[in-house]
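Below is query_4.tsv, holding TSV, C-alpha atoms.
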```
chain	number	residue	atom	x	y	z
A	193	MET	CA	11.33	3.72	5.55
A	194	ALA	CA	10.94	0.15	4.57
A	195	GLU	CA	7.50	0.03	3.00
A	196	GLU	CA	8.70	2.73	0.68
A	197	ALA	CA	11.44	0.42	-0.46
A	198	MET	CA	8.84	-2.24	-1.22
A	199	PHE	CA	6.94	0.19	-3.43
A	200	ASP	CA	10.14	1.07	-5.28
A	201	PHE	CA	10.96	-2.60	-5.76
A	202	ILE	CA	7.54	-3.54	-7.02
A	203	HIS	CA	7.57	-0.61	-9.43
A	204	MET	CA	10.97	-1.61	-10.75
A	205	GLU	CA	9.79	-5.16	-11.27
A	206	ALA	CA	6.66	-3.96	-13.04
A	207	VAL	CA	8.76	-1.87	-15.41
A	208	SER	CA	11.21	-4.65	-16.11
A	209	TYR	CA	8.38	-7.13	-16.53
A	210	VAL	CA	6.53	-5.19	-19.23
A	211	PHE	CA	9.72	-4.49	-21.12
A	212	GLN	CA	11.33	-7.89	-21.17
A	213	GLY	CA	9.02	-10.43	-19.63
A	214	GLY	CA	6.77	-12.64	-21.66
A	215	GLU	CA	6.17	-12.21	-25.34
A	216	LYS	CA	7.67	-9.45	-27.43
A	217	ILE	CA	5.58	-6.33	-27.42
A	218	SER	CA	6.12	-2.84	-28.72
A	219	GLU	CA	7.35	0.03	-26.58
A	220	ASP	CA	3.98	1.77	-26.85
A	221	GLU	CA	2.10	-1.29	-25.75
A	222	ALA	CA	4.40	-1.75	-22.76
A	223	ILE	CA	4.02	1.88	-21.75
A	224	SER	CA	0.29	1.54	-22.00
A	225	LYS	CA	0.32	-1.50	-19.71
A	226	LEU	CA	2.23	0.43	-17.09
A	227	GLU	CA	-0.12	3.34	-17.48
A	228	HIS	CA	-3.03	1.03	-16.94
A	229	MET	CA	-1.50	-0.43	-13.77
A	230	GLY	CA	-0.97	3.10	-12.51
A	231	PHE	CA	-4.54	4.01	-13.30
A	232	ALA	CA	-5.94	1.05	-11.39
A	233	THR	CA	-3.70	1.81	-8.43
A	234	GLY	CA	-4.47	5.53	-8.39
A	235	TYR	CA	-8.18	5.01	-8.73
A	236	ARG	CA	-8.29	2.78	-5.67
A	237	LEU	CA	-5.70	4.61	-3.66
A	238	VAL	CA	-7.36	8.01	-3.79
A	239	GLU	CA	-10.58	6.53	-2.61
A	240	ARG	CA	-8.88	5.42	0.58
A	241	LEU	CA	-6.83	8.58	1.01
A	242	THR	CA	-9.71	11.02	0.71
A	243	ARG	CA	-12.07	9.03	2.88
A	244	GLU	CA	-12.05	11.61	5.64
A	245	SER	CA	-11.54	14.82	3.73
A	246	GLY	CA	-14.30	17.17	2.66
A	247	ARG	CA	-15.38	18.04	-0.84
A	248	TYR	CA	-12.97	19.86	-3.05
A	249	LYS	CA	-14.07	23.33	-4.03
A	250	ASP	CA	-13.01	23.25	-7.65
A	251	GLU	CA	-10.58	21.74	-10.10
A	252	LEU	CA	-7.68	23.85	-8.88
A	253	ASP	CA	-8.34	22.69	-5.35
A	254	ILE	CA	-8.14	19.09	-6.53
A	255	MET	CA	-4.86	19.80	-8.31
A	256	LYS	CA	-3.46	21.29	-5.13
A	257	TYR	CA	-4.44	18.12	-3.34
A	258	ILE	CA	-2.56	16.08	-5.96
A	259	CYS	CA	0.53	18.26	-5.67
A	260	LYS	CA	0.65	18.29	-1.91
A	261	ASP	CA	-0.99	15.41	-0.08
A	262	LEU	CA	-0.95	12.78	-2.77
A	263	TRP	CA	2.60	13.52	-3.86
A	264	VAL	CA	3.84	13.40	-0.29
A	265	THR	CA	2.09	10.09	0.30
A	266	VAL	CA	3.42	8.44	-2.82
A	267	TYR	CA	6.65	10.24	-3.61
A	268	LYS	CA	7.65	11.63	-0.19
A	269	LYS	CA	7.86	15.22	-1.32
A	270	GLN	CA	5.64	17.93	-2.69
A	271	ILE	CA	5.48	18.99	-6.30
A	272	ASP	CA	7.89	21.88	-6.70
A	273	ASN	CA	5.83	24.00	-9.00
A	274	LEU	CA	2.28	23.98	-10.32
A	275	ARG	CA	1.29	26.06	-13.31
A	276	THR	CA	-1.99	26.41	-15.10
A	277	ASN	CA	-3.39	28.38	-18.00
A	278	HIS	CA	-6.78	28.39	-16.25
A	279	GLN	CA	-8.23	26.63	-19.26
A	280	GLY	CA	-7.80	23.09	-18.17
A	281	VAL	CA	-4.08	22.61	-18.58
A	282	TYR	CA	-1.95	22.05	-15.48
A	283	VAL	CA	1.78	21.48	-15.44
A	284	LEU	CA	3.39	19.89	-12.39
A	285	HIS	CA	7.13	20.28	-12.01
A	286	ASP	CA	9.04	17.83	-9.88
A	287	ASN	CA	12.72	18.74	-9.63
A	288	ARG	CA	13.71	15.42	-8.13
A	289	PHE	CA	11.25	12.74	-9.04
A	290	ARG	CA	11.49	9.65	-6.87
A	291	PHE	CA	11.58	7.05	-9.63
A	292	LEU	CA	14.22	8.97	-11.54
A	293	SER	CA	16.38	9.79	-8.55
A	294	HIS	CA	17.97	6.31	-8.67
A	295	MET	CA	19.21	6.93	-12.18
A	296	ALA	CA	22.31	8.86	-13.17
A	297	ALA	CA	21.55	12.56	-13.42
A	298	GLY	CA	21.90	14.27	-16.75
A	299	LYS	CA	20.97	13.19	-20.23
A	300	GLN	CA	22.68	9.87	-20.71
A	301	TYR	CA	19.67	7.70	-19.91
A	302	LEU	CA	17.05	10.15	-21.07
A	303	GLN	CA	15.59	7.67	-23.53
A	304	TYR	CA	14.67	5.27	-20.73
A	305	ALA	CA	12.97	7.88	-18.57
A	306	PRO	CA	9.47	7.46	-20.10
A	307	ARG	CA	9.41	3.89	-18.78
A	308	TYR	CA	9.67	5.17	-15.23
A	309	LEU	CA	7.04	7.85	-15.71
A	310	ALA	CA	4.24	5.88	-17.34
A	311	PHE	CA	3.02	4.31	-14.11
A	312	THR	CA	2.81	7.73	-12.49
A	313	CYS	CA	0.94	9.26	-15.43
A	314	GLY	CA	-1.63	6.53	-14.98
A	315	LEU	CA	-1.67	6.97	-11.22
A	316	VAL	CA	-2.45	10.67	-11.52
A	317	ARG	CA	-5.08	10.02	-14.18
A	318	GLY	CA	-6.66	7.34	-11.99
A	319	CYS	CA	-6.76	9.63	-8.95
A	320	LEU	CA	-8.31	12.42	-10.94
A	321	ALA	CA	-10.83	10.11	-12.57
A	322	ASN	CA	-12.04	9.03	-9.16
A	323	LEU	CA	-12.28	12.66	-8.07
A	324	GLY	CA	-14.45	13.40	-11.07
A	325	VAL	CA	-11.92	14.95	-13.43
A	326	THR	CA	-11.45	13.26	-16.80
A	327	CYS	CA	-8.07	14.07	-18.25
A	328	VAL	CA	-5.03	13.06	-20.23
A	329	VAL	CA	-1.70	12.98	-18.42
A	330	THR	CA	1.64	13.09	-20.18
A	331	ALA	CA	5.16	13.45	-18.87
A	332	GLU	CA	8.24	15.13	-20.17
A	333	VAL	CA	11.89	15.03	-19.13
A	334	THR	CA	14.72	17.14	-20.36
A	335	GLN	CA	17.23	16.50	-17.62
A	336	LEU	CA	17.14	13.72	-15.04
A	337	PRO	CA	15.99	13.59	-12.29
A	338	ALA	CA	13.65	16.52	-12.96
A	339	CYS	CA	10.47	16.01	-14.89
A	340	LYS	CA	7.12	17.58	-15.51
A	341	PHE	CA	3.66	16.15	-15.81
A	342	GLN	CA	1.09	17.82	-17.95
A	343	ILE	CA	-2.55	17.32	-17.15
A	344	GLN	CA	-5.05	18.21	-19.81
A	345	VAL	CA	-8.59	18.20	-18.53
A	346	GLN	CA	-11.23	16.94	-20.95
A	347	ARG	CA	-14.41	18.91	-20.74
A	348	GLY	CA	-17.82	18.41	-22.17
B	1427	MET	CA	-12.57	27.63	2.71
B	1428	SER	CA	-9.26	25.97	2.96
B	1429	ARG	CA	-8.89	22.32	3.50
B	1430	GLN	CA	-7.00	20.78	6.30
B	1431	SER	CA	-4.14	19.12	4.59
B	1432	MET	CA	-3.18	17.00	7.58
B	1433	ARG	CA	-5.55	14.13	7.85
B	1434	ALA	CA	-6.01	11.56	10.52
B	1435	ASN	CA	-4.67	8.88	8.20
B	1436	ASP	CA	-1.62	7.16	9.49
B	1437	PRO	CA	1.06	7.78	6.87
B	1438	LYS	CA	2.73	4.46	7.62
B	1439	LYS	CA	-0.48	2.57	6.99
B	1440	VAL	CA	-1.09	4.48	3.81
B	1441	SER	CA	2.26	3.70	2.30
B	1442	GLY	CA	1.65	0.04	3.07
B	1443	GLU	CA	-1.64	0.29	1.24
B	1444	LEU	CA	0.09	1.92	-1.68
B	1445	PHE	CA	2.27	-1.14	-2.00
B	1446	THR	CA	-0.68	-3.50	-1.58
B	1447	LEU	CA	-2.66	-1.72	-4.28
B	1448	THR	CA	0.25	-1.50	-6.67
B	1449	TYR	CA	0.90	-5.18	-6.23
B	1450	GLY	CA	-2.77	-5.88	-6.91
B	1451	SER	CA	-2.63	-3.97	-10.18
B	1452	LEU	CA	0.46	-5.88	-11.17
B	1453	VAL	CA	-1.12	-9.26	-10.49
B	1454	ALA	CA	-4.21	-8.21	-12.42
B	1455	GLN	CA	-2.02	-7.26	-15.37
B	1456	LEU	CA	-0.19	-10.59	-15.23
B	1457	LEU	CA	-3.47	-12.45	-15.22
B	1458	LYS	CA	-4.47	-10.53	-18.30
B	1459	ASP	CA	-1.18	-11.26	-20.05
B	1460	TYR	CA	-0.90	-14.96	-19.32
B	1461	GLU	CA	-3.65	-17.40	-19.98
B	1462	ASN	CA	-2.37	-19.86	-17.48
B	1463	VAL	CA	-2.31	-19.19	-13.73
B	1464	ASP	CA	0.74	-21.42	-13.36
B	1465	ASP	CA	2.66	-19.01	-15.57
B	1466	VAL	CA	1.50	-16.15	-13.37
B	1467	ASN	CA	2.68	-17.99	-10.27
B	1468	ARG	CA	6.04	-18.59	-11.88
B	1469	GLN	CA	6.40	-14.99	-12.99
B	1470	LEU	CA	5.52	-13.72	-9.51
B	1471	GLU	CA	8.08	-15.99	-7.95
B	1472	ARG	CA	10.70	-14.72	-10.37
B	1473	MET	CA	9.90	-11.11	-9.59
B	1474	GLY	CA	10.13	-11.89	-5.90
B	1475	TYR	CA	13.52	-13.49	-6.48
B	1476	ASN	CA	14.77	-10.32	-8.18
B	1477	ILE	CA	13.40	-8.20	-5.37
B	1478	GLY	CA	14.87	-10.45	-2.70
B	1479	MET	CA	18.34	-10.12	-4.16
B	1480	ARG	CA	18.17	-6.34	-3.88
B	1481	LEU	CA	16.22	-6.28	-0.67
B	1482	ILE	CA	18.78	-8.18	1.34
B	1483	GLU	CA	21.24	-5.31	1.14
B	1484	ASP	CA	18.66	-2.85	2.29
B	1485	PHE	CA	17.75	-5.24	5.06
B	1486	LEU	CA	21.27	-5.86	6.28
B	1487	ALA	CA	21.75	-2.13	6.50
B	1488	ARG	CA	18.90	-1.88	8.98
B	1489	ALA	CA	19.15	-4.98	11.14
B	1490	ASN	CA	15.48	-5.34	11.97
B	1491	PRO	CA	13.19	-8.32	11.52
B	1492	ALA	CA	12.51	-8.32	7.79
B	1493	PHE	CA	8.83	-9.16	7.78
B	1494	LYS	CA	8.10	-6.49	10.37
B	1495	LEU	CA	10.16	-4.04	8.41
B	1496	TYR	CA	8.76	-4.58	4.96
B	1497	LEU	CA	5.24	-5.76	5.53
B	1498	GLY	CA	4.46	-4.53	9.02
B	1499	VAL	CA	3.60	-7.98	10.37
B	1500	SER	CA	5.48	-10.44	12.54
B	1501	PRO	CA	5.18	-14.04	11.45
B	1502	SER	CA	5.81	-16.98	13.71
B	1503	ILE	CA	8.32	-19.63	12.81
B	1504	GLY	CA	7.55	-23.25	13.56
B	1505	SER	CA	6.94	-26.80	12.38
B	1506	TRP	CA	10.61	-27.62	12.12
B	1507	SER	CA	11.30	-30.83	10.32
B	1508	PRO	CA	13.09	-33.57	12.32
B	1509	GLY	CA	16.28	-32.93	10.36
B	1510	GLY	CA	16.15	-29.24	11.21
B	1511	ASP	CA	16.45	-28.18	7.59
B	1512	GLU	CA	12.88	-27.21	6.94
B	1513	PHE	CA	10.46	-24.86	8.69
B	1514	SER	CA	7.30	-22.85	8.24
B	1515	VAL	CA	6.71	-19.11	8.28
B	1516	VAL	CA	3.18	-18.51	9.50
B	1517	LEU	CA	1.39	-15.21	8.98
B	1518	GLU	CA	-1.77	-14.58	10.95
B	1519	THR	CA	-2.71	-11.79	8.58
B	1520	ASN	CA	-1.36	-11.17	5.13
B	1521	PRO	CA	-1.15	-7.45	4.38
B	1522	MET	CA	-0.58	-8.10	0.70
B	1523	ALA	CA	-3.94	-9.74	0.32
B	1524	GLU	CA	-5.87	-7.17	2.29
B	1525	PHE	CA	-8.27	-6.06	-0.44
B	1526	VAL	CA	-8.27	-9.28	-2.39
B	1527	GLU	CA	-10.88	-11.86	-3.19
B	1528	LEU	CA	-10.03	-14.57	-5.66
B	1529	PRO	CA	-12.58	-15.13	-8.41
B	1530	ASP	CA	-13.53	-18.72	-9.21
B	1531	HIS	CA	-11.44	-19.02	-12.35
B	1532	CYS	CA	-8.28	-18.04	-10.46
B	1533	LEU	CA	-8.31	-20.73	-7.82
B	1534	GLY	CA	-4.92	-22.00	-8.95
B	1535	LEU	CA	-3.37	-18.59	-8.44
B	1536	ARG	CA	-0.92	-18.23	-5.60
B	1537	TYR	CA	-1.57	-14.56	-5.14
B	1538	SER	CA	1.26	-13.80	-2.76
B	1539	ASN	CA	3.77	-16.01	-4.51
B	1540	ILE	CA	6.14	-13.08	-4.81
B	1541	MET	CA	6.92	-13.59	-1.11
B	1542	ALA	CA	8.29	-17.06	-1.74
B	1543	GLY	CA	10.52	-15.57	-4.41
B	1544	VAL	CA	11.73	-12.83	-2.10
B	1545	ILE	CA	12.77	-15.40	0.49
B	1546	ARG	CA	14.63	-17.45	-2.09
B	1547	GLY	CA	16.35	-14.41	-3.62
B	1548	ALA	CA	17.35	-12.92	-0.30
B	1549	CYS	CA	18.77	-16.20	1.02
B	1550	GLU	CA	20.75	-16.76	-2.11
B	1551	MET	CA	22.51	-13.46	-1.61
B	1552	VAL	CA	23.73	-14.67	1.77
B	1553	GLN	CA	24.96	-17.91	0.25
B	1554	LEU	CA	22.07	-20.11	1.23
B	1555	GLU	CA	20.15	-22.02	-1.36
B	1556	VAL	CA	16.62	-22.61	-0.16
B	1557	MET	CA	13.28	-23.58	-1.59
B	1558	ALA	CA	10.19	-21.67	-0.51
B	1559	TRP	CA	6.60	-22.43	-1.32
B	1560	PHE	CA	3.11	-21.79	-0.04
B	1561	ILE	CA	1.30	-24.53	1.82
B	1562	ALA	CA	-1.62	-22.52	3.20
B	1563	ASP	CA	-3.23	-19.33	1.99
B	1564	GLN	CA	-5.99	-17.34	3.65
B	1565	LEU	CA	-7.28	-16.36	0.24
B	1566	LYS	CA	-8.12	-20.01	-0.30
B	1567	GLY	CA	-9.95	-20.36	2.97
B	1568	ASP	CA	-7.10	-21.52	5.19
B	1569	ASN	CA	-6.86	-20.09	8.70
B	1570	VAL	CA	-3.38	-18.72	8.26
B	1571	THR	CA	-0.92	-18.02	5.48
B	1572	GLU	CA	1.96	-20.44	5.68
B	1573	ILE	CA	5.17	-20.54	3.67
B	1574	ARG	CA	7.41	-23.57	3.91
B	1575	VAL	CA	11.14	-22.97	3.62
B	1576	LYS	CA	13.60	-25.79	3.02
B	1577	PHE	CA	17.33	-25.47	3.26
B	1578	VAL	CA	19.04	-27.01	0.25
B	1579	LYS	CA	22.70	-26.23	0.57
B	1580	ARG	CA	25.23	-23.64	1.49
B	1581	LEU	CA	26.67	-21.95	-1.56
B	1582	GLU	CA	30.43	-21.80	-1.52
B	1583	ASP	CA	32.22	-19.07	-3.42
B	1584	ALA	CA	29.37	-18.92	-5.83
B	1585	ILE	CA	29.49	-16.53	-8.70
B	1586	PRO	CA	26.70	-14.01	-8.17
B	1587	ALA	CA	23.70	-15.15	-10.14
B	1588	GLY	CA	22.70	-13.06	-13.10
B	1589	GLU	CA	19.44	-11.20	-12.78
B	1590	ASP	CA	16.91	-13.03	-14.74
```

Written form, structure tokens:
Amino acid sequence: MAEEAMFDFIHMEAVSYVFQGGEKISEDEAISKLEHMGFATGYRLVERLTRESGRYKDELDIMKYICKDLWVTVYKKQIDNLRTNHQGVYVLHDNRFRFLSHMAAGKQYLQYAPRYLAFTCGLVRGCLANLGVTCVVTAEVTQLPACKFQIQVQRG
Amino acid sequence: MSRQSMRANDPKKVSGELFTLTYGSLVAQLLKDYENVDDVNRQLERMGYNIGMRLIEDFLARANPAFKLYLGVSPSIGSWSPGGDEFSVVLETNPMAEFVELPDHCLGLRYSNIMAGVIRGACEMVQLEVMAWFIADQLKGDNVTEIRVKFVKRLEDAIPAGED
């Protein structure tokens, strides 16, 4: 579908902008900019998506929402596997992540993968923040196009 | 209690909103990075140009009106110049600016400038050099959003432009 293509394009441009546009900045700083854009997007998006749904029972219920509905809306598929230690750590496995599926599979471009995951880390963090869960989200890739996102809930 | 996972939300509408919101975050980041709104306008146009160059292939593969396809709106074309080399694309509603209000210090910002870039980039890939610029913007209080497109020349056997 075409609007999907627009989202892909705008994401690609955002990535290429923070990494080569404007003044020279460090890799970390660029990643953090993308993360911030993702956060702002996720925070607003989830507010519109959950407008008509009821309250979520607990944290796990929210995570299930992220893995199913949100992932389908944004990435056109569900998360393949959700794991938790029941102590505030959730790991989401995506075996074919949309933003990595355009890249050659395998390990050749592994070093560039974090650039295409930062926006999503922020997006998930933004969604969760708006649903009342404060957390840190990190991503890990060992073999393209699969990746996993780790959500660590901050309590207290 | 299990939640109904199918909601009344129209998935098509939602994915349009996803794009709108992502674009909004990007513009906000650009405004933070550049002090000058003119630089932001220029950067947006450049991004649009890059997108247009890729988008044209996707578009040609589908053969559907591009605006309808990518933004879900149908613009009207009009105000042809006497020479027939210049026209306007008029949008009654601009989906990209749906949630946007320009603050006072950003009045020089052409929020949707990426669209002008997309038009230029896409035309260049079919060997047409054009200029595209905004002449009316609903965000600035105009009734419609209007982009002027001017034909410059036909590109003959041009070497594909490098992505910049």

remark   = Using all atoms listed in the file, the residue out of B:Pro1521, B:Gly1498, B:Gly1509, B:Gly1504 with shortest distance to chain A is B:Gly1498

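Proximity to chain A at a cut-off of 7 Å picks out Ser1431, Ser1441, Gly1442, Leu1444, Phe1445, Leu1447, Thr1448, Tyr1449, Ser1451, Leu1452, Met1473, Ile1477, Leu1495, Tyr1496 and Leu1497 of chain B on chain B, counting only C-alpha atoms.
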
key: region 1529-1533 of chain B surroundings by only C-alpha atoms, 9 Å radius, close-in-sequence under 4 positions cut, as a list in words   = Leu1457, Val1463 and Lys1566 of chain B

task = Just give me the gap between CA of Met1479 (chain B) and CA of Met1551 (chain B) in Å, one decimal is fine.
result = 5.9 Å

message = I want to know what sits within 8 Å of Leu292 (chain A), based on all atoms listed in the file, with residues of the same chain fewer than 4 positions away left out; could you give that as an MDAnalysis selection string?
response = chainID A and resid 288 305 308 336:338

Only C-alpha atoms, please: the residues just picked out, written as a PDB file, in the coordinates of the input.
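Below is the file that was written, result39.pdb:
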```pdb
ATOM      1  CA  ARG A 288      13.710  15.420  -8.130  1.00  0.00           C
ATOM      2  CA  ALA A 305      12.970   7.880 -18.570  1.00  0.00           C
ATOM      3  CA  TYR A 308       9.670   5.170 -15.230  1.00  0.00           C
ATOM      4  CA  LEU A 336      17.140  13.720 -15.040  1.00  0.00           C
ATOM      5  CA  PRO A 337      15.990  13.590 -12.290  1.00  0.00           C
ATOM      6  CA  ALA A 338      13.650  16.520 -12.960  1.00  0.00           C
TER       7      ALA A 338
END
```

query = Between CA of Ile271 (chain A) and CA of Leu302 (chain A), what is the distance, to one decimal in Å?
reply =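 So the two atoms, CA of Ile271 (chain A) and CA of Leu302 (chain A), lie 20.7 Å apart.
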
key: d(CA of Val1570 (chain B), CA of Met1522 (chain B)) in Å   =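 These atoms are spaced 13.3 Å apart.
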
request  = Tell me, as an MDAnalysis selection string, which residues lie within 12 Å of Gly1510 (chain B), counting all atoms listed in the file; anything in the same chain fewer than 6 positions away does not count.
outcome  = chainID B and resid 1504 1575:1578

Of the listed residues A:Val333, A:Leu309, A:Val345, A:Leu262, that which approaches Asn287 (chain A) most closely, counting only C-alpha atoms =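 Closest to Asn287 (chain A), using only C-alpha atoms: A:Val333.
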
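Among the candidate residues B:Leu1456, B:Val1516, B:Leu1565, B:Ile1482, the one lying nearest to Arg1468 (chain B) is B:Leu1456, with distances computed using only C-alpha atoms.
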
Draw an axis-aligned box over all listed atoms of region 197-201 of chain A, pad each side with 5 Å, and write its centre and edge lengths in Å, one decimal, as AutoDock Vina command-line options.
```
--center_x 9.2 --center_y -0.8 --center_z -3.1 --size_x 14.5 --size_y 13.7 --size_z 15.3
```

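The shortest atom-to-atom distance to Asn1539 (chain B), with all atoms listed in the file taken into account, belongs to B:Val1466 out of B:Thr1446, B:Val1466, B:Lys1458, B:Glu1483.
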
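Among the candidates B:Ala1562, B:Ala1454, B:Val1556, B:Arg1472, the one nearest to Asp1511 (chain B) when counting all atoms listed in the file is B:Val1556.
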